[in-house]
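Just below is one structure, and these are the notes that go with it.
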Amino acid sequence: MRRLDLGSLTSIRGFVNETKPLIHGLICNAGVQYAGKTRYTSDGFEETFGVNHLGHFLLANLLTAKYAELKKIAVVSSGLHNPAGKGSFAPPNYTTPEEMAHPADTPDANLSKLGMCRYATSKLCNIFFTYELSRRRPDIMINAFNPGLLPGTGLGRNNSPMMKFAWYIMLPVFAGFIPGSCTTDKAGLALSKLITDVPASGKYFDRGMDAPSSGESYDTLKAKELWDESARLTGFQITAT
């Protein structure tokens with residue numbers, strides 16, 4: 001077991017350099033969300049965008065460039081990437097990769113809403129990345145995955161004490177009865193099948209079922225912009241196709 005910090009480009013490169021061959025599948029599952037002041041990675045990127053998108057972007061590209069046998073990738077996104085029917089959760093706000101990586105100060109912002117918006121936006125970026133990699137690398141099978149609401153997972157580690165109590169103690173008891181929620185066991189099984197059993201690529205799976213993602217997620221111009229700027233931000237040279 002080796003340490004990997006997706007908030008550090010140096011850590012990602014070191015991890016890939018030390019990784020042994022015979023890698024056949026990759027699950028991009030890291031995710032952070034904050035409700036407080038803006039946090040930054042060691043490379044100076046806003047942490048939600050830096051970890052949830054840029055870290056996975058660099059890791060997946062370095063690994064697939066190094067290991068030809070790596071042909072299957074699953075990227076964990078979220079239904080929150082789609083503003084339709086998400087209630088009080090702030091919708092995504094894709095602006096430019098530069099602005100998302102280095103946001104301007106917003107001293108009067110509602111920090112909770114801002115954190116939700118950044119999380120939803122990073123999950124939209126996960127789908128842009130999935131679809132764009134599928135277009136650029138038809139030899140690789142890559143799909144995005146919405147696990148549904150998963151109370152009790154580490155995503156709630158940065159919540160307030162009251163929210164942590166609900167997230168870790170109360171909600172897991174009722175996970176099977178809350179619309180849109182799923183247990184970690186069921187979600188993990190559906191996710192693993194994207195690596196072992198699903199023959200499709202460039203798709204979005206909602207808890208195991210092939211489903212449409214948001215209308216915005218099919219914007220190829222935004223996907224290409226995100227790809228090119230992510231390569232610049234991470235310092236990874238990728239041949240255009």
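Ligands are numbered from 1 in the order shown, residues from 1 within each chain, and chains are lettered A, B, ... in the order they appear in the structure tokens.
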
Neighbour list for Gln33 in chain A as a VMD selection string, cut-off 12 Å, only C-alpha atoms, skip fewer than 3 positions in-chain: chain A and resid 30 36 to 39 46 to 52 111 to 123 154 to 159

Near range 183-203 of chain A, 6 Å: range 34-142 of chain A residue rows, closest pairs, only C-alpha atoms, as JSON lines:
```
{"residue": "A:Lys72", "atom": "CA", "partner": "A:Ile195", "partner_atom": "CA", "distance": 5.7}
{"residue": "A:Tyr131", "atom": "CA", "partner": "A:Gly202", "partner_atom": "CA", "distance": 5.0}
{"residue": "A:Ser134", "atom": "CA", "partner": "A:Gly202", "partner_atom": "CA", "distance": 5.2}
{"residue": "A:Met141", "atom": "CA", "partner": "A:Ser201", "partner_atom": "CA", "distance": 4.8}
{"residue": "A:Ile142", "atom": "CA", "partner": "A:Ser201", "partner_atom": "CA", "distance": 5.1}
```

Output file for the residues above (N, CA and C atoms, as a PDB file, in the first residue's frame):
```pdb
ATOM      1  N   LYS A  72      -9.549   0.103 -18.549  1.00  0.00           N
ATOM      2  CA  LYS A  72     -10.870   0.297 -17.961  1.00  0.00           C
ATOM      3  C   LYS A  72     -10.791   1.310 -16.815  1.00  0.00           C
ATOM      4  N   TYR A 131     -16.286  11.867 -20.809  1.00  0.00           N
ATOM      5  CA  TYR A 131     -16.712  11.874 -22.202  1.00  0.00           C
ATOM      6  C   TYR A 131     -15.573  12.266 -23.143  1.00  0.00           C
ATOM      7  N   SER A 134     -13.057   9.432 -23.511  1.00  0.00           N
ATOM      8  CA  SER A 134     -13.636   8.400 -24.364  1.00  0.00           C
ATOM      9  C   SER A 134     -13.517   8.773 -25.837  1.00  0.00           C
ATOM     10  N   MET A 141     -11.938   1.973 -22.149  1.00  0.00           N
ATOM     11  CA  MET A 141     -13.326   1.961 -21.720  1.00  0.00           C
ATOM     12  C   MET A 141     -13.432   2.800 -20.452  1.00  0.00           C
ATOM     13  N   ILE A 142     -14.109   3.934 -20.540  1.00  0.00           N
ATOM     14  CA  ILE A 142     -14.248   4.814 -19.386  1.00  0.00           C
ATOM     15  C   ILE A 142     -15.703   5.241 -19.252  1.00  0.00           C
TER      16      ILE A 142
END
```

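Taking CA of Gly44 in chain A as the reference point, CA of Cys28 in chain A is found at 21.5 Å.
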
Who sits within 12 Å of Ile140 in chain A, only C-alpha atoms, same chain under 5 positions skipped, as a ChimeraX atom specification: /A:24-26,60-61,63-65,67-74,130-135,195,199-202

12 Å contact set for Asp219 in chain A, only C-alpha atoms, chain neighbours under 5 positions out, as a list in words: Tyr94, Leu124, Cys125, Ile127, Phe128, Phe129, Tyr131, Glu132, Ser213, Ser214, Lys224, Glu225 and Leu226 of chain A

May I have the residues from that selection written out with all heavy atoms, as a compact mmCIF listing (two decimals), in the first residue's frame?
```
# COMPACT_ATOMS: atom_id res chain seq x y z
N TYR A 94 -20.10 26.10 -14.06
CA TYR A 94 -18.88 25.98 -14.86
C TYR A 94 -18.60 27.34 -15.49
O TYR A 94 -19.40 27.86 -16.25
CB TYR A 94 -19.05 24.91 -15.93
CG TYR A 94 -17.81 24.72 -16.78
CD1 TYR A 94 -16.89 23.73 -16.47
CD2 TYR A 94 -17.56 25.54 -17.88
CE1 TYR A 94 -15.74 23.57 -17.24
CE2 TYR A 94 -16.42 25.39 -18.64
CZ TYR A 94 -15.51 24.40 -18.32
OH TYR A 94 -14.37 24.24 -19.07
N LEU A 124 -19.56 17.81 -12.35
CA LEU A 124 -19.79 18.05 -13.77
C LEU A 124 -18.49 17.90 -14.55
O LEU A 124 -18.46 17.30 -15.63
CB LEU A 124 -20.38 19.45 -13.97
CG LEU A 124 -20.56 19.93 -15.41
CD1 LEU A 124 -21.50 19.03 -16.20
CD2 LEU A 124 -21.07 21.38 -15.42
N CYS A 125 -17.41 18.40 -13.97
CA CYS A 125 -16.10 18.27 -14.62
C CYS A 125 -15.70 16.80 -14.76
O CYS A 125 -15.06 16.41 -15.75
CB CYS A 125 -15.04 19.04 -13.83
SG CYS A 125 -15.20 20.84 -13.93
N ILE A 127 -17.64 14.39 -15.44
CA ILE A 127 -18.34 13.85 -16.60
C ILE A 127 -17.75 14.41 -17.89
O ILE A 127 -17.58 13.67 -18.87
CB ILE A 127 -19.85 14.11 -16.51
CG1 ILE A 127 -20.40 13.47 -15.24
CG2 ILE A 127 -20.57 13.57 -17.73
CD1 ILE A 127 -21.88 13.71 -15.00
N PHE A 128 -17.44 15.70 -17.92
CA PHE A 128 -16.73 16.27 -19.07
C PHE A 128 -15.47 15.46 -19.37
O PHE A 128 -15.18 15.12 -20.52
CB PHE A 128 -16.34 17.72 -18.81
CG PHE A 128 -17.44 18.72 -18.98
CD1 PHE A 128 -17.54 19.82 -18.13
CD2 PHE A 128 -18.36 18.60 -20.01
CE1 PHE A 128 -18.54 20.76 -18.30
CE2 PHE A 128 -19.37 19.55 -20.19
CZ PHE A 128 -19.46 20.62 -19.32
N PHE A 129 -14.70 15.17 -18.33
CA PHE A 129 -13.45 14.42 -18.48
C PHE A 129 -13.72 13.02 -19.02
O PHE A 129 -13.04 12.53 -19.93
CB PHE A 129 -12.71 14.34 -17.14
CG PHE A 129 -11.58 13.34 -17.13
CD1 PHE A 129 -10.48 13.50 -17.96
CD2 PHE A 129 -11.62 12.24 -16.29
CE1 PHE A 129 -9.44 12.58 -17.95
CE2 PHE A 129 -10.59 11.32 -16.27
CZ PHE A 129 -9.50 11.49 -17.10
N TYR A 131 -16.29 11.87 -20.81
CA TYR A 131 -16.71 11.87 -22.20
C TYR A 131 -15.57 12.27 -23.14
O TYR A 131 -15.44 11.71 -24.23
CB TYR A 131 -17.88 12.85 -22.38
CG TYR A 131 -19.17 12.41 -21.71
CD1 TYR A 131 -20.24 13.31 -21.57
CD2 TYR A 131 -19.35 11.13 -21.21
CE1 TYR A 131 -21.43 12.93 -20.97
CE2 TYR A 131 -20.53 10.74 -20.59
CZ TYR A 131 -21.57 11.65 -20.47
OH TYR A 131 -22.74 11.28 -19.87
N GLU A 132 -14.74 13.22 -22.72
CA GLU A 132 -13.65 13.66 -23.58
C GLU A 132 -12.57 12.60 -23.71
O GLU A 132 -12.05 12.38 -24.82
CB GLU A 132 -13.05 14.97 -23.05
CG GLU A 132 -11.99 15.60 -23.94
CD GLU A 132 -12.52 16.11 -25.28
OE1 GLU A 132 -13.76 16.19 -25.46
OE2 GLU A 132 -11.68 16.41 -26.16
N SER A 213 -26.96 12.01 -18.66
CA SER A 213 -26.46 13.01 -17.71
C SER A 213 -27.10 14.35 -18.07
O SER A 213 -27.97 14.42 -18.93
CB SER A 213 -24.93 13.07 -17.76
OG SER A 213 -24.46 13.22 -19.09
N SER A 214 -26.69 15.41 -17.43
CA SER A 214 -27.31 16.72 -17.67
C SER A 214 -27.05 17.19 -19.10
O SER A 214 -26.09 16.76 -19.76
CB SER A 214 -26.75 17.75 -16.69
OG SER A 214 -25.40 18.06 -17.01
N LYS A 224 -13.63 20.07 -24.20
CA LYS A 224 -12.31 20.25 -24.80
C LYS A 224 -11.54 21.35 -24.08
O LYS A 224 -10.33 21.22 -23.84
CB LYS A 224 -12.43 20.58 -26.28
CG LYS A 224 -11.08 20.68 -26.99
CD LYS A 224 -11.23 20.99 -28.46
CE LYS A 224 -9.86 20.96 -29.15
NZ LYS A 224 -8.89 21.89 -28.54
N GLU A 225 -12.23 22.45 -23.76
CA GLU A 225 -11.58 23.53 -23.02
C GLU A 225 -11.06 23.03 -21.68
O GLU A 225 -9.91 23.32 -21.28
CB GLU A 225 -12.57 24.67 -22.79
CG GLU A 225 -12.00 25.79 -21.91
CD GLU A 225 -13.06 26.75 -21.41
OE1 GLU A 225 -14.08 26.28 -20.87
OE2 GLU A 225 -12.84 27.97 -21.52
N LEU A 226 -11.88 22.28 -20.97
CA LEU A 226 -11.48 21.75 -19.67
C LEU A 226 -10.28 20.83 -19.82
O LEU A 226 -9.34 20.88 -19.02
CB LEU A 226 -12.64 21.01 -19.02
CG LEU A 226 -12.35 20.38 -17.66
CD1 LEU A 226 -12.04 21.46 -16.62
CD2 LEU A 226 -13.53 19.52 -17.19
```

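Between Ala144 in chain A and the residues A:Gly235, A:Gly14, A:Gly79, A:Pro107, the shortest atom-to-atom distance, using only C-alpha atoms, involves A:Gly79.
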
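With only C-alpha atoms taken into account, the protein and nucleic acid residues at most 12 Å from Thr19 in chain A (excluding it and anything under 5 positions from it in its own chain) are Met1, Arg2, Arg3, Leu4, Ile12, Arg13, Gly14, Leu59, Leu62, Leu63, Lys66 and Tyr67 of chain A.
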
Contacts of Glu229 in chain A within 9 Å, only C-alpha atoms, excl. fewer than 5 positions in-chain, as a PyMOL selection string: chain A and resi 96-98+224+234

Convert the current residue selection to file output with N, CA and C atoms, as a tab-separated table (two decimals), in the first residue's frame.
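Output below, filename again_10.tsv:
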```tsv
chain	number	residue	atom	x	y	z
A	96	THR	N	-14.66	29.04	-16.19
A	96	THR	CA	-13.47	28.66	-16.94
A	96	THR	C	-12.59	27.83	-16.02
A	97	PRO	N	-11.78	26.93	-16.56
A	97	PRO	CA	-10.89	26.15	-15.70
A	97	PRO	C	-9.96	27.02	-14.86
A	98	GLU	N	-9.47	28.11	-15.44
A	98	GLU	CA	-8.58	29.00	-14.69
A	98	GLU	C	-9.31	29.62	-13.50
A	224	LYS	N	-13.63	20.07	-24.20
A	224	LYS	CA	-12.31	20.25	-24.80
A	224	LYS	C	-11.54	21.35	-24.08
A	234	THR	N	-1.83	21.21	-14.92
A	234	THR	CA	-1.09	20.11	-14.29
A	234	THR	C	0.28	19.89	-14.91
```

Interatomic distance (Å, one decimal) between CA of Asn146 in chain A and CA of Phe205 in chain A: 6.1 Å

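Taking CA of Pro212 in chain A and CA of Phe145 in chain A as endpoints, the distance between them is 11.3 Å.
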
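Closest approach to Leu6 in chain A from the set A:Asp43, A:Ala101, A:Ala35, A:His56 is made by A:His56, with distances taken over only C-alpha atoms.
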